[in-house]
$ cat model-v5.pdb   # PDB, C-alpha atoms and all ligand atoms
ATOM      1  CA  MET A  28       6.289 -16.976 -35.523
ATOM      2  CA  ARG A  29       3.917 -15.701 -38.131
ATOM      3  CA  GLY A  30       1.600 -12.741 -38.621
ATOM      4  CA  ALA A  31       2.085  -8.975 -38.268
ATOM      5  CA  ALA A  32       5.573  -7.948 -39.258
ATOM      6  CA  GLY A  33       7.493  -5.470 -37.115
ATOM      7  CA  GLY A  34      11.079  -4.237 -37.255
ATOM      8  CA  GLY A  35      12.018  -7.303 -39.303
ATOM      9  CA  VAL A  36      10.485  -9.619 -36.688
ATOM     10  CA  SER A  37       7.281 -11.445 -37.494
ATOM     11  CA  LEU A  38       4.881 -11.715 -34.568
ATOM     12  CA  PRO A  39       1.478 -13.383 -34.238
ATOM     13  CA  PRO A  40      -1.541 -11.056 -33.995
ATOM     14  CA  LEU A  41      -2.208  -9.963 -30.405
ATOM     15  CA  ARG A  42      -5.707 -11.471 -30.475
ATOM     16  CA  GLU A  43      -4.141 -14.862 -31.196
ATOM     17  CA  VAL A  44      -1.636 -14.422 -28.337
ATOM     18  CA  ILE A  45      -4.478 -13.562 -25.948
ATOM     19  CA  ALA A  46      -6.597 -16.537 -27.086
ATOM     20  CA  ARG A  47      -3.719 -19.025 -27.044
ATOM     21  CA  HIS A  48      -2.646 -18.034 -23.516
ATOM     22  CA  GLY A  49      -6.203 -17.679 -22.171
ATOM     23  CA  LEU A  50      -5.682 -14.044 -21.163
ATOM     24  CA  SER A  51      -9.295 -13.080 -20.545
ATOM     25  CA  ALA A  52      -9.232  -9.498 -19.237
ATOM     26  CA  SER A  53      -9.404  -9.213 -15.443
ATOM     27  CA  LYS A  54     -11.455  -6.256 -14.214
ATOM     28  CA  ALA A  55      -9.755  -6.375 -10.803
ATOM     29  CA  LEU A  56      -6.357  -5.805 -12.460
ATOM     30  CA  GLY A  57      -7.702  -2.982 -14.660
ATOM     31  CA  GLN A  58      -7.010  -4.948 -17.817
ATOM     32  CA  ASN A  59      -8.091  -3.143 -20.993
ATOM     33  CA  PHE A  60      -5.753  -4.258 -23.738
ATOM     34  CA  LEU A  61      -4.636  -2.303 -26.800
ATOM     35  CA  LEU A  62      -4.448  -4.507 -29.881
ATOM     36  CA  ASP A  63      -4.076  -1.995 -32.748
ATOM     37  CA  GLU A  64      -0.402  -2.249 -33.739
ATOM     38  CA  GLN A  65      -0.389   1.122 -35.516
ATOM     39  CA  LEU A  66      -1.795   2.875 -32.466
ATOM     40  CA  LEU A  67       0.743   1.063 -30.267
ATOM     41  CA  ASP A  68       3.578   2.216 -32.561
ATOM     42  CA  ARG A  69       2.306   5.801 -32.294
ATOM     43  CA  ILE A  70       2.321   5.588 -28.481
ATOM     44  CA  ALA A  71       5.827   4.067 -28.518
ATOM     45  CA  ALA A  72       6.977   7.021 -30.660
ATOM     46  CA  ILE A  73       5.905   9.631 -28.073
ATOM     47  CA  PRO A  74       9.120   9.458 -25.958
ATOM     48  CA  GLY A  75      11.230  10.098 -29.093
ATOM     49  CA  GLU A  76      14.156   7.994 -30.350
ATOM     50  CA  LEU A  77      14.293   4.738 -28.368
ATOM     51  CA  LYS A  78      16.911   2.798 -30.290
ATOM     52  CA  GLY A  79      19.354   1.366 -27.729
ATOM     53  CA  ARG A  80      17.572   3.168 -24.855
ATOM     54  CA  GLN A  81      16.343   1.629 -21.607
ATOM     55  CA  VAL A  82      12.572   1.630 -21.147
ATOM     56  CA  LEU A  83      10.607   0.646 -18.066
ATOM     57  CA  GLU A  84       7.169  -0.578 -19.046
ATOM     58  CA  VAL A  85       4.715  -1.107 -16.217
ATOM     59  CA  GLY A  86       1.856  -3.533 -16.859
ATOM     60  CA  PRO A  87       2.720  -5.079 -20.260
ATOM     61  CA  GLY A  88      -0.177  -7.568 -20.122
ATOM     62  CA  PRO A  89      -0.131  -9.631 -23.319
ATOM     63  CA  GLY A  90       2.676  -7.402 -24.614
ATOM     64  CA  GLY A  91       1.126  -5.074 -27.212
ATOM     65  CA  LEU A  92       2.934  -1.934 -26.079
ATOM     66  CA  ALA A  93       6.055  -3.944 -25.218
ATOM     67  CA  ARG A  94       6.328  -5.227 -28.794
ATOM     68  CA  ALA A  95       5.945  -1.666 -30.145
ATOM     69  CA  LEU A  96       8.753  -0.498 -27.830
ATOM     70  CA  LEU A  97      10.943  -3.420 -28.910
ATOM     71  CA  ARG A  98      10.216  -2.670 -32.579
ATOM     72  CA  ALA A  99      11.385   0.894 -31.881
ATOM     73  CA  GLY A 100      14.733  -0.578 -30.764
ATOM     74  CA  ALA A 101      14.377  -0.188 -26.993
ATOM     75  CA  HIS A 102      15.729  -2.437 -24.240
ATOM     76  CA  VAL A 103      12.617  -3.069 -22.178
ATOM     77  CA  THR A 104      12.249  -3.975 -18.507
ATOM     78  CA  ALA A 105       8.599  -4.844 -17.918
ATOM     79  CA  ILE A 106       6.885  -5.304 -14.544
ATOM     80  CA  GLU A 107       3.673  -7.326 -14.659
ATOM     81  CA  THR A 108       1.613  -8.439 -11.711
ATOM     82  CA  ASP A 109      -0.511 -11.011 -13.577
ATOM     83  CA  ARG A 110       1.523 -14.199 -13.888
ATOM     84  CA  ARG A 111      -0.876 -15.514 -16.567
ATOM     85  CA  CYS A 112       0.827 -13.038 -18.945
ATOM     86  CA  LEU A 113       4.358 -14.362 -18.344
ATOM     87  CA  PRO A 114       4.379 -17.143 -21.009
ATOM     88  CA  ALA A 115       3.178 -14.676 -23.687
ATOM     89  CA  LEU A 116       5.872 -12.215 -22.623
ATOM     90  CA  ALA A 117       8.515 -14.972 -22.629
ATOM     91  CA  GLU A 118       7.584 -15.701 -26.256
ATOM     92  CA  LEU A 119       7.956 -12.017 -27.100
ATOM     93  CA  GLY A 120      11.368 -12.022 -25.436
ATOM     94  CA  GLU A 121      12.458 -14.897 -27.685
ATOM     95  CA  ALA A 122      11.545 -12.812 -30.748
ATOM     96  CA  PHE A 123      13.788  -9.952 -29.504
ATOM     97  CA  PRO A 124      16.736 -11.802 -27.908
ATOM     98  CA  GLY A 125      18.346 -10.048 -24.956
ATOM     99  CA  ARG A 126      16.089  -7.007 -25.157
ATOM    100  CA  LEU A 127      13.130  -7.874 -22.906
ATOM    101  CA  ARG A 128      13.484  -8.442 -19.172
ATOM    102  CA  VAL A 129      10.243  -9.314 -17.390
ATOM    103  CA  LEU A 130       9.796  -8.926 -13.641
ATOM    104  CA  GLU A 131       6.762 -10.410 -11.949
ATOM    105  CA  GLY A 132       5.218  -8.342  -9.164
ATOM    106  CA  ASP A 133       3.470  -5.182  -8.068
ATOM    107  CA  ALA A 134       5.181  -2.165  -9.632
ATOM    108  CA  THR A 135       4.320   0.033  -6.653
ATOM    109  CA  ARG A 136       6.564  -2.201  -4.486
ATOM    110  CA  LEU A 137       9.111  -3.804  -6.789
ATOM    111  CA  ALA A 138      12.551  -2.329  -7.593
ATOM    112  CA  HIS A 139      13.214  -2.352 -11.348
ATOM    113  CA  GLY A 140      16.993  -2.365 -11.018
ATOM    114  CA  ILE A 141      17.594  -0.411 -14.231
ATOM    115  CA  GLU A 142      20.968   1.318 -14.207
ATOM    116  CA  GLY A 143      21.318   4.693 -15.858
ATOM    117  CA  PRO A 144      18.637   6.900 -17.388
ATOM    118  CA  PHE A 145      15.452   5.284 -18.641
ATOM    119  CA  HIS A 146      12.131   6.197 -20.207
ATOM    120  CA  VAL A 147       8.914   5.076 -18.554
ATOM    121  CA  VAL A 148       5.948   3.941 -20.640
ATOM    122  CA  ALA A 149       2.769   2.548 -19.110
ATOM    123  CA  ASN A 150      -0.904   1.882 -19.651
ATOM    124  CA  LEU A 151      -2.114   1.160 -16.139
ATOM    125  CA  PRO A 152      -5.240   1.091 -14.024
ATOM    126  CA  TYR A 153      -5.917   4.644 -12.861
ATOM    127  CA  ASN A 154      -5.122   4.161  -9.144
ATOM    128  CA  VAL A 155      -1.818   2.359  -9.767
ATOM    129  CA  GLY A 156      -0.806   4.882 -12.451
ATOM    130  CA  THR A 157      -1.516   7.873 -10.217
ATOM    131  CA  ALA A 158       0.372   6.358  -7.251
ATOM    132  CA  LEU A 159       3.415   5.670  -9.436
ATOM    133  CA  LEU A 160       3.218   9.124 -11.045
ATOM    134  CA  VAL A 161       3.210  10.852  -7.649
ATOM    135  CA  GLY A 162       6.251   8.767  -6.661
ATOM    136  CA  TRP A 163       8.146   9.572  -9.871
ATOM    137  CA  LEU A 164       7.401  13.299  -9.573
ATOM    138  CA  GLY A 165       8.089  13.585  -5.846
ATOM    139  CA  GLY A 166      11.202  13.568  -3.678
ATOM    140  CA  GLU A 167      14.001  16.096  -3.235
ATOM    141  CA  ALA A 168      16.504  14.562  -5.698
ATOM    142  CA  TRP A 169      16.324  16.180  -9.135
ATOM    143  CA  PRO A 170      16.830  15.584 -12.027
ATOM    144  CA  PRO A 171      15.280  12.134 -11.621
ATOM    145  CA  GLN A 172      16.674   8.902 -13.071
ATOM    146  CA  TRP A 173      13.871   8.800 -15.639
ATOM    147  CA  ALA A 174      14.257  10.754 -18.872
ATOM    148  CA  SER A 175      10.525  10.895 -19.663
ATOM    149  CA  LEU A 176       7.170   9.503 -18.575
ATOM    150  CA  THR A 177       4.643   8.418 -21.228
ATOM    151  CA  LEU A 178       1.541   7.364 -19.350
ATOM    152  CA  MET A 179      -2.008   6.438 -20.314
ATOM    153  CA  PHE A 180      -4.724   7.716 -17.977
ATOM    154  CA  GLN A 181      -8.425   8.237 -18.170
ATOM    155  CA  LEU A 182      -8.856  11.617 -19.886
ATOM    156  CA  GLU A 183     -10.110  13.328 -16.736
ATOM    157  CA  VAL A 184      -6.895  12.444 -14.856
ATOM    158  CA  ALA A 185      -4.727  13.451 -17.832
ATOM    159  CA  GLN A 186      -6.467  16.830 -17.830
ATOM    160  CA  ARG A 187      -5.713  17.260 -14.126
ATOM    161  CA  ILE A 188      -2.009  16.668 -14.821
ATOM    162  CA  VAL A 189      -1.716  19.269 -17.600
ATOM    163  CA  ALA A 190      -4.306  21.736 -16.230
ATOM    164  CA  ALA A 191      -3.719  25.485 -16.224
ATOM    165  CA  PRO A 192      -4.667  27.749 -13.285
ATOM    166  CA  GLY A 193      -8.285  28.867 -13.135
ATOM    167  CA  SER A 194      -9.719  25.587 -14.404
ATOM    168  CA  ASP A 195     -11.624  23.051 -12.330
ATOM    169  CA  ALA A 196      -9.029  20.430 -13.241
ATOM    170  CA  TYR A 197      -6.181  22.520 -11.742
ATOM    171  CA  GLY A 198      -4.966  21.198  -8.399
ATOM    172  CA  ARG A 199      -2.191  19.354  -6.583
ATOM    173  CA  LEU A 200      -1.496  17.011  -9.467
ATOM    174  CA  ALA A 201      -0.974  19.925 -11.920
ATOM    175  CA  VAL A 202       1.448  21.719  -9.582
ATOM    176  CA  LEU A 203       3.336  18.490  -8.854
ATOM    177  CA  ALA A 204       3.621  17.703 -12.570
ATOM    178  CA  GLN A 205       4.538  21.191 -13.725
ATOM    179  CA  TRP A 206       6.801  22.860 -11.152
ATOM    180  CA  ARG A 207       9.979  21.129 -12.390
ATOM    181  CA  SER A 208       8.715  19.200 -15.437
ATOM    182  CA  THR A 209       6.844  19.952 -18.618
ATOM    183  CA  ALA A 210       3.656  17.976 -19.026
ATOM    184  CA  ARG A 211       1.549  17.748 -22.167
ATOM    185  CA  LEU A 212      -1.405  15.766 -23.361
ATOM    186  CA  ALA A 213       0.150  13.843 -26.255
ATOM    187  CA  MET A 214      -2.803  11.814 -27.568
ATOM    188  CA  LYS A 215      -6.438  11.068 -26.823
ATOM    189  CA  VAL A 216      -7.451   7.429 -27.196
ATOM    190  CA  HIS A 217     -11.093   6.525 -27.784
ATOM    191  CA  ARG A 218     -12.533   3.798 -25.556
ATOM    192  CA  SER A 219     -13.216   1.609 -28.599
ATOM    193  CA  ALA A 220      -9.437   1.143 -29.055
ATOM    194  CA  PHE A 221      -9.358  -1.092 -25.953
ATOM    195  CA  THR A 222     -10.441  -4.686 -25.453
ATOM    196  CA  PRO A 223     -12.698  -4.671 -23.501
ATOM    197  CA  PRO A 224     -13.566  -0.965 -23.888
ATOM    198  CA  PRO A 225     -13.490   1.022 -20.606
ATOM    199  CA  LYS A 226     -16.353   3.414 -19.766
ATOM    200  CA  VAL A 227     -14.409   6.600 -20.502
ATOM    201  CA  THR A 228     -12.007   8.153 -23.019
ATOM    202  CA  SER A 229      -8.300   7.796 -22.240
ATOM    203  CA  ALA A 230      -5.304  10.005 -22.983
ATOM    204  CA  VAL A 231      -1.537   9.694 -23.028
ATOM    205  CA  VAL A 232       0.414  12.261 -21.038
ATOM    206  CA  HIS A 233       4.076  12.956 -21.792
ATOM    207  CA  ILE A 234       6.227  14.420 -19.019
ATOM    208  CA  VAL A 235       9.863  15.513 -19.286
ATOM    209  CA  PRO A 236      11.970  16.789 -16.372
ATOM    210  CA  ALA A 237      12.948  20.475 -16.430
ATOM    211  CA  ALA A 238      15.238  22.524 -14.178
ATOM    212  CA  MET A 239      14.269  22.524 -10.521
ATOM    213  CA  PRO A 240      13.691  26.046  -9.150
ATOM    214  CA  GLU A 241      16.380  26.958  -6.615
ATOM    215  CA  GLY A 242      15.833  27.236  -2.886
ATOM    216  CA  VAL A 243      12.600  25.233  -2.793
ATOM    217  CA  SER A 244      12.001  22.038  -0.854
ATOM    218  CA  ALA A 245       9.731  19.583  -2.669
ATOM    219  CA  ARG A 246       8.207  18.540   0.640
ATOM    220  CA  THR A 247       7.331  22.140   1.527
ATOM    221  CA  LEU A 248       5.736  22.717  -1.864
ATOM    222  CA  GLU A 249       3.690  19.539  -1.399
ATOM    223  CA  ARG A 250       2.546  20.708   2.043
ATOM    224  CA  ALA A 251       1.527  24.132   0.710
ATOM    225  CA  THR A 252      -0.456  22.705  -2.237
ATOM    226  CA  GLU A 253      -2.022  20.072   0.014
ATOM    227  CA  ALA A 254      -3.249  22.759   2.419
ATOM    228  CA  ALA A 255      -4.349  25.183  -0.323
ATOM    229  CA  PHE A 256      -6.257  22.627  -2.425
ATOM    230  CA  GLY A 257      -7.513  20.720   0.626
ATOM    231  CA  GLN A 258     -10.029  23.566   0.894
ATOM    232  CA  ARG A 259      -9.983  24.746  -2.708
ATOM    233  CA  ARG A 260     -13.199  26.785  -2.468
ATOM    234  CA  LYS A 261     -11.872  28.770   0.505
ATOM    235  CA  MET A 262      -9.697  31.880   0.383
ATOM    236  CA  LEU A 263      -5.985  31.327   0.969
ATOM    237  CA  ARG A 264      -6.112  33.173   4.286
ATOM    238  CA  GLN A 265      -8.395  30.361   5.511
ATOM    239  CA  SER A 266      -6.920  27.334   3.729
ATOM    240  CA  LEU A 267      -3.287  28.220   4.598
ATOM    241  CA  LYS A 268      -4.018  29.275   8.187
ATOM    242  CA  GLY A 269      -2.691  26.017   9.620
ATOM    243  CA  LEU A 270       0.628  26.234   7.758
ATOM    244  CA  PRO A 271       3.149  28.128   9.929
ATOM    245  CA  GLY A 272       4.499  31.239   8.175
ATOM    246  CA  ALA A 273       2.251  30.883   5.113
ATOM    247  CA  LEU A 274       0.156  34.023   5.583
ATOM    248  CA  GLU A 275       3.287  36.122   6.209
ATOM    249  CA  SER A 276       4.813  34.637   3.030
ATOM    250  CA  LEU A 277       1.763  35.671   0.998
ATOM    251  CA  GLU A 278       2.109  39.200   2.333
ATOM    252  CA  ARG A 279       5.846  39.406   1.548
ATOM    253  CA  LEU A 280       5.115  38.174  -1.977
ATOM    254  CA  GLY A 281       2.213  40.579  -2.478
ATOM    255  CA  ILE A 282      -0.248  37.712  -3.058
ATOM    256  CA  ASP A 283      -3.772  38.700  -2.034
ATOM    257  CA  PRO A 284      -4.885  36.289   0.749
ATOM    258  CA  GLN A 285      -8.437  36.617  -0.516
ATOM    259  CA  ARG A 286      -7.517  34.654  -3.629
ATOM    260  CA  ARG A 287      -8.350  30.956  -3.879
ATOM    261  CA  ALA A 288      -5.835  28.172  -4.541
ATOM    262  CA  GLU A 289      -6.976  27.529  -8.099
ATOM    263  CA  THR A 290      -6.047  31.112  -9.140
ATOM    264  CA  LEU A 291      -2.382  30.748  -8.093
ATOM    265  CA  SER A 292       0.024  29.948 -10.917
ATOM    266  CA  VAL A 293       2.577  27.149 -10.516
ATOM    267  CA  ALA A 294       5.271  29.882 -10.248
ATOM    268  CA  GLU A 295       3.340  31.532  -7.394
ATOM    269  CA  PHE A 296       3.115  28.203  -5.534
ATOM    270  CA  VAL A 297       6.859  27.808  -6.024
ATOM    271  CA  ALA A 298       7.439  31.333  -4.670
ATOM    272  CA  VAL A 299       5.323  30.590  -1.580
ATOM    273  CA  ALA A 300       7.210  27.317  -0.998
ATOM    274  CA  ARG A 301      10.543  29.130  -1.385
ATOM    275  CA  GLU A 302       9.510  31.636   1.280
ATOM    276  CA  LEU A 303       8.539  28.750   3.564
ATOM    277  CA  SER A 304      11.569  26.542   2.802
TER     278      SER A 304
HETATM  279  N1  LIG A 401       0.209  -2.701 -21.695
HETATM  280  C1  LIG A 401      -0.933  -3.525 -22.096
HETATM  281  C2  LIG A 401      -1.696  -2.829 -23.192
HETATM  282  O1  LIG A 401      -1.497  -1.612 -23.346
HETATM  283  O2  LIG A 401      -2.491  -3.462 -23.853
HETATM  284  C3  LIG A 401      -1.860  -3.845 -20.909
HETATM  285  C4  LIG A 401      -2.529  -2.650 -20.280
HETATM  286  S1  LIG A 401      -3.721  -3.042 -19.013
HETATM  287  C5  LIG A 401      -4.644  -1.512 -19.002
HETATM  288  C6  LIG A 401      -2.858  -2.846 -17.480
HETATM  289  C7  LIG A 401      -1.852  -3.916 -17.125
HETATM  290  O3  LIG A 401      -1.242  -3.560 -15.876
HETATM  291  C8  LIG A 401      -2.450  -5.287 -16.923
HETATM  292  O4  LIG A 401      -1.698  -6.248 -17.634
HETATM  293  C9  LIG A 401      -2.367  -5.532 -15.414
HETATM  294  O5  LIG A 401      -2.231  -6.894 -15.072
HETATM  295  C10 LIG A 401      -1.130  -4.715 -15.058
HETATM  296  N2  LIG A 401      -1.080  -4.252 -13.677
HETATM  297  C11 LIG A 401      -2.107  -3.837 -12.900
HETATM  298  N3  LIG A 401      -1.664  -3.459 -11.690
HETATM  299  C12 LIG A 401      -0.315  -3.627 -11.696
HETATM  300  C13 LIG A 401       0.706  -3.410 -10.739
HETATM  301  N4  LIG A 401       0.430  -2.931  -9.522
HETATM  302  N5  LIG A 401       1.986  -3.683 -11.086
HETATM  303  C14 LIG A 401       2.278  -4.162 -12.318
HETATM  304  N6  LIG A 401       1.342  -4.393 -13.258
HETATM  305  C15 LIG A 401       0.071  -4.117 -12.968
END

$ encode --input "model-v5.pdb" --output "structure tokens" --more "lines below"
Ligand code: SAM
Amino acid sequence: MRGAAGGGVSLPPLREVIARHGLSASKALGQNFLLDEQLLDRIAAIPGELKGRQVLEVGPGPGGLARALLRAGAHVTAIETDRRCLPALAELGEAFPGRLRVLEGDATRLAHGIEGPFHVVANLPYNVGTALLVGWLGGEAWPPQWASLTLMFQLEVAQRIVAAPGSDAYGRLAVLAQWRSTARLAMKVHRSAFTPPPKVTSAVVHIVPAAMPEGVSARTLERATEAAFGQRRKMLRQSLKGLPGALESLERLGIDPQRRAETLSVAEFVAVARELS
């Protein structure tokens, strides 16, 4: 192989890989590829030291981010739904023997089979990314198997994940991402960095698990935020009316039922869920 050097391995430029394998971007699969190797290395650095670590990459496409992760020393399991990309990924695997495992399929359905803790890195279409994020952040078992999530979203979705109370972006996704994790916006990525460029700016969000508050059921917290933000312009006394025990919980906690969901901090949502749990 010839071309851009990386971690002692010489790889062909990504444009050449795409041309040689006929990987014209499919709109239906949300394919907007990143080809700038320096930018890809910066994204691969967001999870921290990856040497010898397991990484799950969802949607490797022609393998730009995968090669950056491999250069960083990771053992990568990659799930790709577009079988046209498999020969390009097989070539990449040959350049990093024993360190790239590719699974073909839909990541929302397929088991990755990674044993032990792993980092997740992905640049996915918005709907697939959000569905996977909600799955990774949900459930009663905590801490999760994943050590960190490094995920590219359109900027507007990234802002909803890291939003603070009082902002329009603050809602269910912010509470879900922040009640037992820390979530930060790690990097904005201009649309011109992608081939083809999407319509909007993107951003990488970095999420790390934190301690789970005691005495709170994840399911109950989800139900409370669902009810509260389901009618986000209404006062809590209206939006939480259908949730048994919720209004009494607000009273016990001294939370004014005339407030609206978007004014409640993540800690206040947790307190309400604890009362209800
Ligand atoms: N990681 C590459 C990069 O950064 O250049 C490609 C990113 S592209 C935005 C998204 C990739 O996710 C595509 O290769 C697409 O085929 C793949 N993809 C879309 N839906 C998927 C799914 N449900 N499961 C696995 N891969 C999926």

$ closest_atom_pairs --input "model-v5.pdb" --of "chain A" --to "ligand LIG 401 (chain A)" --cutoff "8 Å" --atoms "only C-alpha atoms and all ligand atoms" --output "tab-separated table"
residue	atom	partner	partner_atom	distance
A:Ser53	CA	A:LIG401	O5	7.5
A:Leu56	CA	A:LIG401	C11	4.7
A:Gly57	CA	A:LIG401	C5	5.5
A:Gln58	CA	A:LIG401	S1	4.0
A:Asn59	CA	A:LIG401	C5	4.3
A:Phe60	CA	A:LIG401	O2	3.4
A:Leu61	CA	A:LIG401	O2	3.8
A:Leu62	CA	A:LIG401	O2	6.4
A:Leu67	CA	A:LIG401	O1	7.8
A:Glu84	CA	A:LIG401	N1	7.7
A:Val85	CA	A:LIG401	C14	5.5
A:Gly86	CA	A:LIG401	O3	3.3
A:Pro87	CA	A:LIG401	N1	3.7
A:Gly88	CA	A:LIG401	O4	3.2
A:Pro89	CA	A:LIG401	C1	6.3
A:Gly90	CA	A:LIG401	C1	5.9
A:Gly91	CA	A:LIG401	O2	5.2
A:Leu92	CA	A:LIG401	O1	5.2
A:Ala93	CA	A:LIG401	N1	6.9
A:Ile106	CA	A:LIG401	C14	5.2
A:Glu107	CA	A:LIG401	N6	4.0
A:Thr108	CA	A:LIG401	N6	4.3
A:Asp109	CA	A:LIG401	O5	4.7
A:Cys112	CA	A:LIG401	O4	7.4
A:Glu131	CA	A:LIG401	C14	7.7
A:Gly132	CA	A:LIG401	N5	6.0
A:Asp133	CA	A:LIG401	N5	3.7
A:Ala134	CA	A:LIG401	N5	3.8
A:Thr135	CA	A:LIG401	N4	5.7
A:Arg136	CA	A:LIG401	N4	8.0
A:Ala149	CA	A:LIG401	N1	6.4
A:Asn150	CA	A:LIG401	C4	4.9
A:Leu151	CA	A:LIG401	C6	4.3
A:Pro152	CA	A:LIG401	C5	5.6
A:Val155	CA	A:LIG401	N4	5.8
A:Phe221	CA	A:LIG401	O2	7.6

$ residues_around --input "model-v5.pdb" --residues "range 248-261 of chain A" --least-positions-apart "3" --cutoff "10 Å" --atoms "all atoms listed in the file" --output "number ranges by chain"
A: 165-166, 195, 197-200, 202-203, 206, 243-245, 264-270, 273, 285-291, 293, 296-301, 303-304

$ resolve_selection --input "model-v5.pdb" --expression "the PyMOL selection byres (((chain A and resi 185) around 9) and not hetatm)" --output "CSV table (one decimal) with C-alpha atoms, keeping the file's coordinate frame"
chain,number,residue,atom,x,y,z
A,178,LEU,CA,1.5,7.4,-19.4
A,179,MET,CA,-2.0,6.4,-20.3
A,180,PHE,CA,-4.7,7.7,-18.0
A,181,GLN,CA,-8.4,8.2,-18.2
A,182,LEU,CA,-8.9,11.6,-19.9
A,183,GLU,CA,-10.1,13.3,-16.7
A,184,VAL,CA,-6.9,12.4,-14.9
A,186,GLN,CA,-6.5,16.8,-17.8
A,187,ARG,CA,-5.7,17.3,-14.1
A,188,ILE,CA,-2.0,16.7,-14.8
A,189,VAL,CA,-1.7,19.3,-17.6
A,190,ALA,CA,-4.3,21.7,-16.2
A,211,ARG,CA,1.5,17.7,-22.2
A,212,LEU,CA,-1.4,15.8,-23.4
A,229,SER,CA,-8.3,7.8,-22.2
A,230,ALA,CA,-5.3,10.0,-23.0
A,231,VAL,CA,-1.5,9.7,-23.0
A,232,VAL,CA,0.4,12.3,-21.0

$ atom_distance --input "model-v5.pdb" --atom1 "CA of Gly156 in chain A" --atom2 "CA of His233 in chain A"
13.3 Å

$ axis_aligned_box --input "model-v5.pdb" --around "range 148-166 of chain A" --padding-each-side "3 Å" --output "AutoDock Vina command-line options"
--center_x 2.6 --center_y 7.3 --center_z -12.2 --size_x 23.1 --size_y 18.5 --size_z 23.0

$ closest_residue --input "model-v5.pdb" --among "A:Ile70, A:Arg126, A:Thr228, A:Ser292" --to "Gln205 in chain A" --atoms "all atoms listed in the file"
A:Ser292

$ atom_distance --input "model-v5.pdb" --atom1 "CA of Val129 in chain A" --atom2 "CA of Ala105 in chain A"
4.8 Å

$ closest_residue --input "model-v5.pdb" --among "A:Arg279, A:Ala138, A:Phe145, A:Ala72" --to "Val103 in chain A" --atoms "all atoms listed in the file"
A:Phe145

$ closest_residue --input "model-v5.pdb" --among "A:Arg111, A:His102, A:Lys54, A:Arg42" --to "Val147 in chain A" --atoms "all atoms listed in the file"
A:His102

$ resolve_selection --input "model-v5.pdb" --expression "the PyMOL selection byres (((chain A and resi 237-239) around 7) and not hetatm)" --output "list of chain:residue names"
A:Trp169, A:Arg207, A:Ser208, A:Thr209, A:Val235, A:Pro236, A:Pro240, A:Glu241

$ closest_residue --input "model-v5.pdb" --among "A:Gly100, A:Gly272, A:Gly281, A:Gly143" --to "Glu76 in chain A" --atoms "only C-alpha atoms"
A:Gly100

$ resolve_selection --input "model-v5.pdb" --expression "the PyMOL selection byres (((chain A and resi 98) around 12) and not hetatm)" --output "short mmCIF file (atom, residue, chain, number, x, y, z; two decimals) with C-alpha atoms, keeping the file's coordinate frame"
data_model
loop_
_atom_site.label_atom_id
_atom_site.label_comp_id
_atom_site.auth_asym_id
_atom_site.auth_seq_id
_atom_site.Cartn_x
_atom_site.Cartn_y
_atom_site.Cartn_z
CA ALA A 31 2.08 -8.98 -38.27
CA ALA A 32 5.57 -7.95 -39.26
CA GLY A 33 7.49 -5.47 -37.12
CA GLY A 34 11.08 -4.24 -37.26
CA GLY A 35 12.02 -7.30 -39.30
CA VAL A 36 10.48 -9.62 -36.69
CA SER A 37 7.28 -11.44 -37.49
CA LEU A 38 4.88 -11.72 -34.57
CA GLU A 64 -0.40 -2.25 -33.74
CA GLN A 65 -0.39 1.12 -35.52
CA LEU A 67 0.74 1.06 -30.27
CA ASP A 68 3.58 2.22 -32.56
CA ARG A 69 2.31 5.80 -32.29
CA ALA A 71 5.83 4.07 -28.52
CA ALA A 72 6.98 7.02 -30.66
CA GLU A 76 14.16 7.99 -30.35
CA LEU A 77 14.29 4.74 -28.37
CA LYS A 78 16.91 2.80 -30.29
CA GLY A 79 19.35 1.37 -27.73
CA GLY A 90 2.68 -7.40 -24.61
CA GLY A 91 1.13 -5.07 -27.21
CA LEU A 92 2.93 -1.93 -26.08
CA ALA A 93 6.06 -3.94 -25.22
CA ARG A 94 6.33 -5.23 -28.79
CA ALA A 95 5.94 -1.67 -30.14
CA LEU A 96 8.75 -0.50 -27.83
CA LEU A 97 10.94 -3.42 -28.91
CA ALA A 99 11.38 0.89 -31.88
CA GLY A 100 14.73 -0.58 -30.76
CA ALA A 101 14.38 -0.19 -26.99
CA HIS A 102 15.73 -2.44 -24.24
CA VAL A 103 12.62 -3.07 -22.18
CA LEU A 119 7.96 -12.02 -27.10
CA GLY A 120 11.37 -12.02 -25.44
CA ALA A 122 11.54 -12.81 -30.75
CA PHE A 123 13.79 -9.95 -29.50
CA ARG A 126 16.09 -7.01 -25.16
CA LEU A 127 13.13 -7.87 -22.91
#

$ residues_around --input "model-v5.pdb" --residues "Ala204 in chain A" --least-positions-apart "6" --cutoff "9 Å" --atoms "all atoms listed in the file" --output "PDB file with C-alpha atoms, keeping the file's coordinate frame"
ATOM      1  CA  LEU A 160       3.218   9.124 -11.045  1.00  0.00           C
ATOM      2  CA  VAL A 161       3.210  10.852  -7.649  1.00  0.00           C
ATOM      3  CA  LEU A 164       7.401  13.299  -9.573  1.00  0.00           C
ATOM      4  CA  ILE A 188      -2.009  16.668 -14.821  1.00  0.00           C
ATOM      5  CA  VAL A 189      -1.716  19.269 -17.600  1.00  0.00           C
ATOM      6  CA  ALA A 210       3.656  17.976 -19.026  1.00  0.00           C
ATOM      7  CA  ILE A 234       6.227  14.420 -19.019  1.00  0.00           C
TER       8      ILE A 234
END

$ closest_residue --input "model-v5.pdb" --among "A:Glu121, A:Glu295, A:Glu142, A:Glu302" --to "Ile282 in chain A" --atoms "only C-alpha atoms"
A:Glu295

$ atom_distance --input "model-v5.pdb" --atom1 "CA of Trp173 in chain A" --atom2 "CA of Gly75 in chain A"
13.8 Å
